[in-house]
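entry19.txt (compact mmCIF, C-alpha atoms) appears below.
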# COMPACT_ATOMS: atom_id res chain seq x y z
CA MET A 1 41.57 -120.42 -97.82
CA HIS A 2 43.01 -121.63 -101.13
CA LEU A 3 42.19 -119.44 -104.11
CA ARG A 4 44.04 -121.31 -106.84
CA LEU A 5 43.15 -124.30 -108.97
CA THR A 6 44.80 -127.58 -107.99
CA ASP A 7 47.21 -129.28 -110.40
CA GLU A 8 44.46 -131.75 -111.32
CA GLN A 9 41.98 -128.96 -112.02
CA LYS A 10 44.53 -127.11 -114.15
CA LEU A 11 45.23 -130.28 -116.14
CA VAL A 12 41.52 -130.81 -116.84
CA GLN A 13 41.12 -127.13 -117.76
CA GLN A 14 44.02 -127.26 -120.22
CA THR A 15 42.82 -130.54 -121.75
CA ILE A 16 39.31 -129.18 -122.31
CA ARG A 17 40.74 -125.92 -123.68
CA LYS A 18 42.77 -127.84 -126.26
CA PHE A 19 39.72 -129.91 -127.21
CA VAL A 20 37.64 -126.77 -127.72
CA GLU A 21 40.35 -125.07 -129.78
CA LYS A 22 41.13 -128.13 -131.91
CA GLU A 23 37.73 -129.79 -132.37
CA LEU A 24 35.03 -127.15 -131.84
CA MET A 25 36.31 -123.72 -132.85
CA PRO A 26 37.19 -124.88 -136.40
CA LEU A 27 33.47 -125.61 -136.88
CA GLU A 28 32.37 -122.05 -136.09
CA TYR A 29 32.37 -120.72 -139.66
CA GLU A 30 30.32 -123.72 -140.79
CA VAL A 31 27.87 -123.22 -137.91
CA LEU A 32 27.35 -119.55 -138.79
CA LYS A 33 26.88 -120.44 -142.45
CA ASN A 34 24.36 -123.19 -141.66
CA GLU A 35 22.37 -120.93 -139.36
CA ARG A 36 22.25 -118.14 -141.94
CA GLU A 37 20.79 -120.66 -144.37
CA GLY A 38 18.26 -122.00 -141.87
CA LYS A 39 20.00 -125.37 -141.51
CA PRO A 40 20.84 -127.25 -138.28
CA SER A 41 24.00 -125.83 -136.70
CA VAL A 42 25.80 -129.17 -136.58
CA ALA A 43 24.64 -132.56 -137.79
CA PRO A 44 23.71 -134.95 -134.93
CA SER A 45 26.17 -137.51 -136.33
CA LYS A 46 29.00 -134.94 -136.03
CA LEU A 47 28.05 -134.10 -132.45
CA LYS A 48 28.05 -137.80 -131.59
CA GLU A 49 31.48 -138.15 -133.17
CA LEU A 50 32.77 -135.27 -131.04
CA GLN A 51 31.30 -136.80 -127.88
CA LEU A 52 33.10 -140.07 -128.58
CA LYS A 53 36.37 -138.19 -129.18
CA ALA A 54 35.94 -136.51 -125.81
CA LYS A 55 35.24 -139.90 -124.25
CA GLU A 56 38.68 -141.09 -125.36
CA PHE A 57 40.14 -138.37 -123.10
CA GLY A 58 37.97 -139.51 -120.19
CA PHE A 59 35.31 -136.82 -120.52
CA TRP A 60 32.11 -138.81 -120.35
CA GLY A 61 29.44 -138.14 -117.76
CA ILE A 62 31.26 -135.24 -116.12
CA ASN A 63 29.10 -135.42 -112.98
CA THR A 64 27.69 -138.90 -113.50
CA PRO A 65 28.58 -141.26 -110.61
CA SER A 66 31.32 -143.78 -111.43
CA ALA A 67 28.83 -146.58 -110.71
CA TYR A 68 27.08 -145.52 -113.92
CA GLY A 69 30.28 -145.20 -115.94
CA GLY A 70 30.75 -141.47 -115.41
CA ALA A 71 33.79 -139.40 -114.44
CA ASP A 72 32.10 -137.97 -111.31
CA LEU A 73 34.37 -134.91 -111.34
CA GLY A 74 32.19 -132.77 -109.09
CA GLN A 75 30.64 -129.33 -109.40
CA MET A 76 33.85 -127.29 -109.34
CA MET A 77 35.17 -129.23 -112.31
CA MET A 78 31.79 -128.86 -114.00
CA ALA A 79 32.07 -125.08 -113.62
CA ILE A 80 35.63 -125.03 -114.96
CA ILE A 81 34.71 -127.25 -117.92
CA LEU A 82 31.63 -125.16 -118.79
CA MET A 83 33.69 -121.99 -118.77
CA GLU A 84 35.97 -123.55 -121.37
CA THR A 85 33.30 -125.11 -123.62
CA SER A 86 31.33 -121.84 -123.56
CA LYS A 87 34.19 -120.05 -125.27
CA THR A 88 32.65 -121.32 -128.49
CA PHE A 89 29.07 -121.13 -129.69
CA VAL A 90 29.23 -124.56 -131.32
CA PRO A 91 26.35 -126.38 -129.57
CA PHE A 92 28.33 -129.20 -127.95
CA GLN A 93 27.67 -131.11 -124.74
CA PHE A 94 29.70 -133.97 -123.31
CA GLY A 95 27.91 -137.30 -123.41
CA GLY A 96 27.12 -139.69 -120.59
CA SER A 97 24.99 -137.39 -118.45
CA ALA A 98 21.41 -137.30 -117.21
CA ASP A 99 19.23 -134.78 -115.37
CA ASN A 100 20.08 -134.66 -111.69
CA ILE A 101 16.56 -135.55 -110.53
CA LEU A 102 16.48 -138.78 -112.59
CA TYR A 103 18.71 -140.30 -109.92
CA TYR A 104 15.70 -140.17 -107.56
CA GLY A 105 14.04 -142.89 -109.64
CA ASN A 106 13.53 -146.40 -108.34
CA GLU A 107 15.56 -149.28 -109.76
CA GLU A 108 13.08 -150.02 -112.54
CA GLN A 109 12.94 -146.33 -113.55
CA LYS A 110 16.72 -146.12 -113.55
CA LYS A 111 16.90 -149.16 -115.81
CA LYS A 112 14.26 -147.83 -118.21
CA TYR A 113 15.16 -144.10 -118.26
CA LEU A 114 18.35 -143.17 -116.41
CA ILE A 115 20.74 -145.71 -117.95
CA PRO A 116 19.54 -145.21 -121.57
CA THR A 117 19.86 -141.42 -121.10
CA ILE A 118 23.41 -141.75 -119.79
CA ASN A 119 24.25 -144.04 -122.72
CA GLY A 120 22.80 -141.55 -125.21
CA GLU A 121 20.01 -143.91 -126.29
CA LYS A 122 17.26 -141.62 -125.01
CA LYS A 123 16.81 -137.86 -124.62
CA SER A 124 14.96 -136.25 -121.75
CA CYS A 125 13.58 -132.84 -120.82
CA PHE A 126 12.10 -131.28 -117.70
CA ALA A 127 8.80 -129.38 -117.81
CA MET A 128 7.44 -127.06 -115.15
CA THR A 129 6.94 -123.68 -116.89
CA GLU A 130 3.46 -122.95 -118.26
CA PRO A 131 1.93 -120.07 -120.26
CA SER A 132 0.60 -118.54 -117.02
CA ALA A 133 3.33 -119.82 -114.72
CA GLY A 134 6.86 -118.77 -115.58
CA SER A 135 8.92 -117.64 -112.62
CA ASP A 136 5.80 -118.07 -110.47
CA THR A 137 6.05 -121.86 -110.53
CA ARG A 138 3.43 -122.20 -107.79
CA ASN A 139 0.79 -120.98 -110.26
CA ILE A 140 0.89 -124.07 -112.49
CA LYS A 141 -2.42 -125.34 -113.86
CA MET A 142 -1.64 -128.73 -115.40
CA THR A 143 -3.58 -131.46 -113.64
CA ALA A 144 -3.11 -135.18 -113.14
CA VAL A 145 -6.19 -137.15 -112.09
CA ARG A 146 -5.96 -140.74 -110.88
CA ASP A 147 -7.84 -143.27 -112.98
CA GLY A 148 -7.30 -146.83 -111.78
CA ASN A 149 -3.59 -147.65 -112.04
CA ALA A 150 -2.84 -144.59 -114.12
CA TRP A 151 -2.95 -140.79 -113.99
CA VAL A 152 -4.54 -138.69 -116.72
CA LEU A 153 -2.62 -135.48 -117.51
CA ASN A 154 -4.10 -132.38 -119.09
CA GLY A 155 -2.48 -129.00 -119.72
CA GLU A 156 0.36 -127.25 -121.50
CA LYS A 157 3.99 -126.60 -120.71
CA THR A 158 5.99 -123.96 -122.55
CA PHE A 159 9.59 -122.82 -123.20
CA ILE A 160 10.85 -126.33 -122.54
CA THR A 161 14.52 -126.84 -123.38
CA GLY A 162 15.00 -130.01 -125.40
CA GLY A 163 11.27 -130.57 -125.64
CA ASN A 164 11.31 -130.96 -129.42
CA GLU A 165 13.92 -133.72 -129.31
CA ALA A 166 13.00 -135.51 -126.07
CA ASP A 167 11.89 -139.13 -125.95
CA PHE A 168 10.43 -138.58 -122.49
CA VAL A 169 9.67 -135.70 -120.16
CA MET A 170 9.77 -135.26 -116.40
CA VAL A 171 6.64 -133.15 -116.01
CA ILE A 172 5.14 -131.46 -112.96
CA ALA A 173 1.35 -131.57 -112.52
CA ILE A 174 -1.17 -130.84 -109.75
CA THR A 175 -2.40 -134.01 -108.09
CA ASP A 176 -4.24 -132.47 -105.13
CA LYS A 177 -5.74 -129.02 -105.76
CA GLU A 178 -6.70 -128.34 -102.14
CA MET A 179 -3.25 -129.27 -100.85
CA HIS A 180 -1.66 -127.22 -103.62
CA GLN A 181 -3.64 -124.13 -102.63
CA ALA A 182 -3.23 -124.63 -98.88
CA THR A 183 0.56 -124.93 -99.14
CA LYS A 184 0.93 -122.13 -101.72
CA GLY A 185 2.11 -124.59 -104.32
CA ARG A 186 4.76 -126.35 -102.26
CA GLU A 187 2.81 -129.61 -102.05
CA GLY A 188 0.05 -131.26 -103.99
CA VAL A 189 2.09 -131.52 -107.21
CA THR A 190 3.78 -134.64 -108.53
CA CYS A 191 6.56 -135.34 -111.02
CA PHE A 192 5.71 -137.86 -113.74
CA ILE A 193 7.94 -139.52 -116.31
CA ALA A 194 5.92 -139.43 -119.53
CA ASP A 195 7.12 -141.09 -122.72
CA ARG A 196 6.34 -139.28 -125.95
CA ASP A 197 4.44 -142.30 -127.24
CA MET A 198 2.03 -141.92 -124.31
CA GLY A 199 0.44 -139.17 -126.35
CA TRP A 200 1.89 -135.74 -125.58
CA ARG A 201 3.15 -133.65 -128.47
CA SER A 202 5.63 -130.81 -128.87
CA GLU A 203 5.51 -127.62 -130.93
CA TYR A 204 8.59 -125.57 -131.86
CA ILE A 205 8.76 -122.00 -130.50
CA HIS A 206 10.66 -119.54 -132.72
CA THR A 207 12.84 -117.10 -130.76
CA MET A 208 15.27 -114.27 -131.49
CA GLY A 209 18.12 -116.72 -130.87
CA GLU A 210 19.23 -119.79 -132.77
CA TRP A 211 17.84 -122.03 -130.05
CA GLY A 212 14.17 -122.99 -130.15
CA PRO A 213 12.35 -124.37 -127.09
CA ALA A 214 9.05 -126.24 -127.21
CA SER A 215 5.48 -126.16 -126.04
CA LEU A 216 4.33 -129.53 -124.75
CA ILE A 217 0.62 -130.30 -125.05
CA PHE A 218 -1.05 -132.91 -122.89
CA GLU A 219 -4.59 -133.95 -123.78
CA ASN A 220 -5.81 -136.89 -121.69
CA VAL A 221 -2.34 -138.41 -121.60
CA ARG A 222 -2.37 -141.58 -119.48
CA VAL A 223 0.75 -142.13 -117.39
CA PRO A 224 1.03 -145.37 -115.39
CA GLU A 225 1.39 -145.24 -111.60
CA GLU A 226 4.88 -146.71 -111.80
CA ASN A 227 6.06 -143.64 -113.72
CA ILE A 228 5.77 -141.31 -110.72
CA LEU A 229 9.23 -139.90 -110.00
CA GLY A 230 9.81 -139.48 -106.28
CA THR A 231 6.79 -139.19 -103.99
CA VAL A 232 3.19 -138.32 -104.81
CA HIS A 233 2.38 -134.66 -103.99
CA LYS A 234 6.11 -133.85 -103.41
CA GLY A 235 7.16 -132.99 -106.96
CA TYR A 236 7.72 -129.30 -106.26
CA GLN A 237 10.88 -130.13 -104.31
CA LEU A 238 12.26 -132.04 -107.27
CA GLY A 239 11.46 -129.07 -109.50
CA LEU A 240 13.35 -126.70 -107.22
CA GLU A 241 16.36 -129.01 -107.17
CA TRP A 242 16.43 -129.19 -110.97
CA ILE A 243 16.14 -125.41 -111.34
CA GLY A 244 18.64 -124.67 -108.55
CA PHE A 245 21.29 -126.79 -110.24
CA ALA A 246 20.71 -125.00 -113.54
CA ARG A 247 21.08 -121.47 -112.17
CA TRP A 248 24.78 -121.24 -111.41
CA ILE A 249 25.50 -123.04 -114.68
CA VAL A 250 24.11 -119.98 -116.52
CA GLY A 251 26.79 -117.92 -114.78
CA ALA A 252 29.52 -120.36 -115.83
CA ARG A 253 28.43 -120.15 -119.46
CA ALA A 254 28.40 -116.37 -119.28
CA VAL A 255 31.97 -116.32 -117.99
CA GLY A 256 33.26 -118.52 -120.81
CA MET A 257 31.47 -116.50 -123.49
CA ALA A 258 32.60 -113.18 -122.03
CA GLU A 259 36.25 -114.25 -121.83
CA ARG A 260 36.27 -115.25 -125.51
CA LEU A 261 34.48 -112.07 -126.56
CA LEU A 262 36.77 -109.84 -124.55
CA GLN A 263 39.82 -111.40 -126.18
CA MET A 264 38.19 -110.81 -129.59
CA ALA A 265 37.66 -107.15 -128.64
CA ILE A 266 41.28 -106.74 -127.50
CA ASP A 267 42.62 -108.28 -130.71
CA TYR A 268 40.32 -106.17 -132.90
CA ALA A 269 41.11 -102.96 -130.99
CA LYS A 270 44.83 -103.45 -131.68
CA GLU A 271 44.22 -103.86 -135.42
CA ARG A 272 41.45 -101.33 -136.13
CA GLU A 273 42.74 -97.82 -136.74
CA THR A 274 40.87 -94.51 -136.70
CA PHE A 275 42.46 -91.13 -137.33
CA GLY A 276 45.92 -92.67 -137.52
CA LYS A 277 45.81 -94.69 -134.30
CA PRO A 278 44.64 -98.15 -133.22
CA ILE A 279 41.39 -97.78 -131.29
CA ALA A 280 43.12 -99.67 -128.46
CA GLU A 281 44.79 -96.34 -127.65
CA ARG A 282 41.43 -94.61 -127.19
CA GLN A 283 40.41 -94.16 -123.58
CA ALA A 284 36.77 -95.03 -124.30
CA ILE A 285 37.84 -98.45 -125.60
CA GLN A 286 40.29 -99.01 -122.76
CA TRP A 287 37.61 -98.39 -120.17
CA MET A 288 35.20 -100.82 -121.81
CA ILE A 289 37.91 -103.47 -121.79
CA ALA A 290 38.87 -102.76 -118.18
CA ASP A 291 35.28 -102.81 -116.91
CA SER A 292 34.63 -106.06 -118.75
CA ALA A 293 37.72 -107.75 -117.31
CA VAL A 294 36.78 -106.77 -113.74
CA GLU A 295 33.20 -107.97 -114.13
CA ILE A 296 34.26 -111.29 -115.68
CA GLU A 297 36.58 -111.97 -112.76
CA ALA A 298 33.86 -111.14 -110.23
CA ALA A 299 31.36 -113.43 -111.97
CA LYS A 300 33.92 -116.22 -112.14
CA TRP A 301 34.40 -116.27 -108.37
CA LEU A 302 30.67 -116.16 -107.71
CA VAL A 303 30.22 -119.22 -109.94
CA LEU A 304 33.16 -121.12 -108.45
CA ASN A 305 31.96 -120.38 -104.92
CA ALA A 306 28.47 -121.68 -105.73
CA ALA A 307 29.97 -124.85 -107.24
CA PHE A 308 32.45 -125.34 -104.38
CA THR A 309 29.69 -124.98 -101.79
CA LEU A 310 27.64 -127.66 -103.54
CA ASP A 311 30.66 -129.98 -103.58
CA GLN A 312 30.83 -129.61 -99.79
CA GLY A 313 27.28 -130.90 -99.52
CA GLU A 314 26.03 -127.50 -98.39
CA ASP A 315 22.98 -125.55 -99.53
CA ASN A 316 24.14 -123.30 -102.38
CA ARG A 317 20.78 -121.90 -103.53
CA HIS A 318 21.52 -118.36 -102.33
CA LEU A 319 24.93 -118.38 -104.02
CA ALA A 320 23.44 -119.95 -107.16
CA SER A 321 20.96 -117.07 -107.41
CA MET A 322 23.76 -114.51 -107.05
CA ALA A 323 25.92 -116.30 -109.64
CA LYS A 324 23.01 -116.46 -112.06
CA LEU A 325 21.90 -112.84 -111.55
CA TYR A 326 25.35 -111.27 -111.77
CA GLY A 327 26.72 -113.67 -114.39
CA ALA A 328 23.81 -113.25 -116.80
CA ASN A 329 23.88 -109.46 -116.54
CA MET A 330 27.66 -109.38 -116.82
CA GLY A 331 27.45 -111.42 -120.02
CA ASN A 332 24.93 -108.99 -121.49
CA ARG A 333 27.07 -105.97 -120.63
CA VAL A 334 30.24 -107.50 -122.04
CA VAL A 335 28.72 -108.63 -125.34
CA ASP A 336 27.18 -105.19 -125.77
CA ARG A 337 30.56 -103.51 -125.26
CA VAL A 338 32.30 -105.95 -127.59
CA LEU A 339 29.71 -105.32 -130.30
CA GLN A 340 30.25 -101.57 -129.86
CA ILE A 341 34.01 -101.98 -130.15
CA HIS A 342 33.58 -103.93 -133.40
CA GLY A 343 31.23 -101.27 -134.76
CA GLY A 344 29.31 -102.19 -137.90
CA MET A 345 31.15 -105.51 -138.30
CA GLY A 346 29.95 -106.59 -134.86
CA TYR A 347 26.36 -106.14 -136.01
CA THR A 348 26.76 -108.38 -139.05
CA ARG A 349 26.21 -112.13 -139.14
CA GLU A 350 29.72 -112.62 -140.50
CA LEU A 351 31.02 -112.54 -136.93
CA PRO A 352 29.58 -114.43 -133.93
CA VAL A 353 29.22 -111.28 -131.81
CA GLU A 354 25.59 -110.56 -132.77
CA ARG A 355 24.76 -114.25 -132.34
CA TRP A 356 26.07 -114.23 -128.79
CA TYR A 357 24.25 -110.93 -128.25
CA ARG A 358 20.93 -112.63 -129.01
CA GLU A 359 21.78 -115.74 -127.02
CA ALA A 360 22.94 -113.86 -123.92
CA ARG A 361 19.69 -111.93 -123.64
CA LEU A 362 17.88 -115.14 -122.82
CA TRP A 363 20.07 -115.80 -119.78
CA ARG A 364 18.32 -113.06 -117.82
CA ILE A 365 14.98 -114.82 -118.30
CA TYR A 366 15.14 -118.61 -118.09
CA ASP A 367 15.74 -120.63 -114.90
CA GLY A 368 14.43 -117.66 -112.92
CA THR A 369 14.36 -114.07 -114.16
CA ASP A 370 16.55 -111.26 -112.81
CA GLU A 371 13.59 -110.10 -110.76
CA ILE A 372 13.09 -113.52 -109.18
CA GLN A 373 16.78 -113.81 -108.29
CA ARG A 374 16.69 -110.39 -106.64
CA MET A 375 13.58 -111.37 -104.72
CA ILE A 376 15.22 -114.59 -103.51
CA ILE A 377 18.47 -112.91 -102.50
CA SER A 378 16.81 -110.03 -100.65
CA ARG A 379 14.26 -112.31 -98.95
CA ASN A 380 16.99 -114.63 -97.70
CA LEU A 381 18.86 -111.69 -96.19
CA MET A 382 15.89 -109.86 -94.70
CA LYS A 383 14.41 -113.00 -93.15
CA GLY A 384 17.77 -114.06 -91.76
CA HIS A 385 17.99 -117.30 -93.73
CA VAL A 386 21.43 -116.18 -94.88
CA LYS A 387 24.04 -114.01 -93.14
CA MET A 388 26.38 -111.69 -95.03
CA ASP A 389 29.48 -113.53 -93.73
CA GLN A 390 27.99 -117.02 -93.92
CA PHE A 391 30.04 -118.31 -96.84
CA ILE A 392 33.45 -117.02 -95.82
Would it be possible to restate this file's structure as structure tokens?
Amino acid sequence: MHLRLTDEQKLVQQTIRKFVEKELMPLEYEVLKNEREGKPSVAPSKLKELQLKAKEFGFWGINTPSAYGGADLGQMMMAIILMETSKTFVPFQFGGSADNILYYGNEEQKKKYLIPTINGEKKSCFAMTEPSAGSDTRNIKMTAVRDGNAWVLNGEKTFITGGNEADFVMVIAITDKEMHQATKGREGVTCFIADRDMGWRSEYIHTMGEWGPASLIFENVRVPEENILGTVHKGYQLGLEWIGFARWIVGARAVGMAERLLQMAIDYAKERETFGKPIAERQAIQWMIADSAVEIEAAKWLVLNAAFTLDQGEDNRHLASMAKLYGANMGNRVVDRVLQIHGGMGYTRELPVERWYREARLWRIYDGTDEIQRMIISRNLMKGHVKMDQFI
């Protein structure tokens, strides 16, 4: 068992770290100022410029197959890269990528949707969550009824990431109610690719964070037969694959954020004095720093194990749930401690601590709540789907 990064992985890690420190972190003050004034964090033109700079270093389509012009670095490298980019709150993503389930499209769909998304010409989103079906994805209500060579979609999706900006959506809808009920939601639903100009609309949802998801409203939206992604009645499996991939990524982001915040707390504790001593010499502060460091390290290995397992072509859903559950909660505990260490300054909007505090709280909800992750993990163990020593 090898528990160290390879030379190649270290090189990528250091390159990304330099990019973050040189290109992204200098934008943080401007981002905070813009958000306080209700403006967009970073102009789209600036983000595009940063993506092209990253492309010069070979970071384009991190997990996109080389056949589509991507780097195809694998899941471990994705985890390492996300841990580095998450050390800043500047909302940056490397270009050249597309949702994992878009690769299930046929050749015509790939030409019309996948390639333009990879090239940055189109933006996509995925929609399964509904007002009455959050973590209980089997309780979706949106319907799709066949009408000639098209399907007519009616219903609403909510809390959709990227839904306000998307040119098209991969949306899950019931196509056979009886089958859907008989299989407890596992069949009878289909994934459709629906362009915005087919008639659906989005509405911005204001949240406690700087990020705003969308509600997507479908009222008699006609989607042609050729826009079915995958197989009719088998869309639930695609939904699970999309969500499963997203879960361990939450843990990776939490690790990156927590590492940056902990370093901020250490630096501040050395400078801030009370009663003639730096607070770094206070046992209460030392324990918060120690507990945070231990938890960050534990979360890091859970994330890397989930990513490594996926690279081996193995089922990582159990590990992804553990990485998401522990990572999200770790991030919340660390940011809370760091805010406490900074005292009143941590609570102000002059520093990014309170911003991360609001952002981190969401991690315990989306892509499967804490409660859902615990249900999945315990069910896998009690039913014998997973053994305690299975991943050693």
The residue from A:Gln75, A:Gln340, A:Thr231, A:Asn316 with the smallest atom-to-atom distance to Ala265 (chain A), counting all atoms listed in the file, is A:Gln340
Spatial neighbours of Gly70 (chain A), max dist 6 Å, all atoms listed in the file, sep filter under 6 positions, as an NGL selection string: :A and (60-61 or 64)
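CA of Ile160 (chain A) sits 23.8 Å away from CA of Val255 (chain A).
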Asn100 (chain A) proximity check over A:Met345, A:Ala246, A:Val335, A:Ala71, using only C-alpha atoms: winner is A:Ala246
Contact table region 301-390 of chain A vs region 90-96 of chain A, cut-off 12 Å, shortest pair per residue, only C-alpha atoms, as JSON lines:
{"residue": "A:Pro352", "atom": "CA", "partner": "A:Val90", "partner_atom": "CA", "distance": 10.5}
{"residue": "A:Arg355", "atom": "CA", "partner": "A:Val90", "partner_atom": "CA", "distance": 11.3}
{"residue": "A:Trp356", "atom": "CA", "partner": "A:Val90", "partner_atom": "CA", "distance": 11.1}
{"residue": "A:Glu359", "atom": "CA", "partner": "A:Pro91", "partner_atom": "CA", "distance": 11.9}
Computed gap from CA of Val42 (chain A) to CA of Leu27 (chain A) is 8.5 Å
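Between Glu108 (chain A) and the residues A:Glu210, A:Thr143, A:Pro26, A:Ile228, the shortest atom-to-atom distance, using all atoms listed in the file, involves A:Ile228.
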Using only C-alpha atoms, the shortest atom-to-atom distance to Ile266 (chain A) among A:Leu238, A:Ile118, A:Leu339, A:Ala323 belongs to A:Leu339
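Here CA of Tyr103 (chain A) stands at a distance of 11.9 Å from CA of Ala67 (chain A).
For the set A:Asp195, A:Met142, A:Met78, A:Leu153, the residue with the smallest atom-to-atom gap to Lys123 (chain A) is A:Asp195, counting only C-alpha atoms.
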Query - Neighbour list for Met375 (chain A) as an MDAnalysis selection string, cut-off 12 Å, all atoms listed in the file, skip fewer than 6 positions in-chain - result: chainID A and resid 135:136 318 321:322 325 368:369 381:383
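In terms of minimum interatomic distance to Val353 (chain A), A:Arg260 ranks closest within A:Arg247, A:Lys324, A:Arg260, A:Arg36, counting only C-alpha atoms.
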Could you complete region 223-240 of chain A so that it carries N, CA and C atoms, and give it back as a PDB file, in the frame of the given file?
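The new file part-v2.pdb reads:
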ATOM      1  N   VAL A 223      -0.577-141.771-117.884  1.00  0.00           N
ATOM      2  CA  VAL A 223       0.750-142.130-117.390  1.00  0.00           C
ATOM      3  C   VAL A 223       0.584-143.168-116.284  1.00  0.00           C
ATOM      4  N   PRO A 224       1.200-144.334-116.402  1.00  0.00           N
ATOM      5  CA  PRO A 224       1.030-145.370-115.390  1.00  0.00           C
ATOM      6  C   PRO A 224       1.580-144.964-114.024  1.00  0.00           C
ATOM      7  N   GLU A 225       1.007-145.534-112.993  1.00  0.00           N
ATOM      8  CA  GLU A 225       1.390-145.240-111.600  1.00  0.00           C
ATOM      9  C   GLU A 225       2.888-145.412-111.396  1.00  0.00           C
ATOM     10  N   GLU A 226       3.464-146.430-112.034  1.00  0.00           N
ATOM     11  CA  GLU A 226       4.880-146.710-111.800  1.00  0.00           C
ATOM     12  C   GLU A 226       5.805-145.647-112.399  1.00  0.00           C
ATOM     13  N   ASN A 227       5.241-144.701-113.140  1.00  0.00           N
ATOM     14  CA  ASN A 227       6.060-143.640-113.720  1.00  0.00           C
ATOM     15  C   ASN A 227       6.086-142.373-112.874  1.00  0.00           C
ATOM     16  N   ILE A 228       5.632-142.445-111.643  1.00  0.00           N
ATOM     17  CA  ILE A 228       5.770-141.310-110.720  1.00  0.00           C
ATOM     18  C   ILE A 228       7.226-141.252-110.267  1.00  0.00           C
ATOM     19  N   LEU A 229       7.849-140.101-110.427  1.00  0.00           N
ATOM     20  CA  LEU A 229       9.230-139.900-110.000  1.00  0.00           C
ATOM     21  C   LEU A 229       9.213-139.290-108.600  1.00  0.00           C
ATOM     22  N   GLY A 230       9.839-139.971-107.654  1.00  0.00           N
ATOM     23  CA  GLY A 230       9.810-139.480-106.280  1.00  0.00           C
ATOM     24  C   GLY A 230       8.510-139.869-105.589  1.00  0.00           C
ATOM     25  N   THR A 231       7.971-138.926-104.810  1.00  0.00           N
ATOM     26  CA  THR A 231       6.790-139.190-103.990  1.00  0.00           C
ATOM     27  C   THR A 231       5.589-138.396-104.490  1.00  0.00           C
ATOM     28  N   VAL A 232       4.424-139.004-104.428  1.00  0.00           N
ATOM     29  CA  VAL A 232       3.190-138.320-104.810  1.00  0.00           C
ATOM     30  C   VAL A 232       3.020-137.056-103.968  1.00  0.00           C
ATOM     31  N   HIS A 233       2.637-135.973-104.607  1.00  0.00           N
ATOM     32  CA  HIS A 233       2.380-134.660-103.990  1.00  0.00           C
ATOM     33  C   HIS A 233       3.659-133.909-103.591  1.00  0.00           C
ATOM     34  N   LYS A 234       4.850-134.491-103.837  1.00  0.00           N
ATOM     35  CA  LYS A 234       6.110-133.850-103.410  1.00  0.00           C
ATOM     36  C   LYS A 234       6.989-133.452-104.604  1.00  0.00           C
ATOM     37  N   GLY A 235       6.380-133.290-105.761  1.00  0.00           N
ATOM     38  CA  GLY A 235       7.160-132.990-106.960  1.00  0.00           C
ATOM     39  C   GLY A 235       7.765-131.603-106.997  1.00  0.00           C
ATOM     40  N   TYR A 236       7.203-130.667-106.241  1.00  0.00           N
ATOM     41  CA  TYR A 236       7.720-129.300-106.260  1.00  0.00           C
ATOM     42  C   TYR A 236       9.178-129.251-105.793  1.00  0.00           C
ATOM     43  N   GLN A 237       9.506-130.094-104.812  1.00  0.00           N
ATOM     44  CA  GLN A 237      10.880-130.130-104.310  1.00  0.00           C
ATOM     45  C   GLN A 237      11.846-130.601-105.382  1.00  0.00           C
ATOM     46  N   LEU A 238      11.410-131.579-106.174  1.00  0.00           N
ATOM     47  CA  LEU A 238      12.260-132.040-107.270  1.00  0.00           C
ATOM     48  C   LEU A 238      12.452-130.924-108.302  1.00  0.00           C
ATOM     49  N   GLY A 239      11.379-130.184-108.565  1.00  0.00           N
ATOM     50  CA  GLY A 239      11.460-129.070-109.500  1.00  0.00           C
ATOM     51  C   GLY A 239      12.458-128.021-109.046  1.00  0.00           C
ATOM     52  N   LEU A 240      12.417-127.687-107.756  1.00  0.00           N
ATOM     53  CA  LEU A 240      13.350-126.700-107.220  1.00  0.00           C
ATOM     54  C   LEU A 240      14.787-127.186-107.324  1.00  0.00           C
TER      55      LEU A 240
END
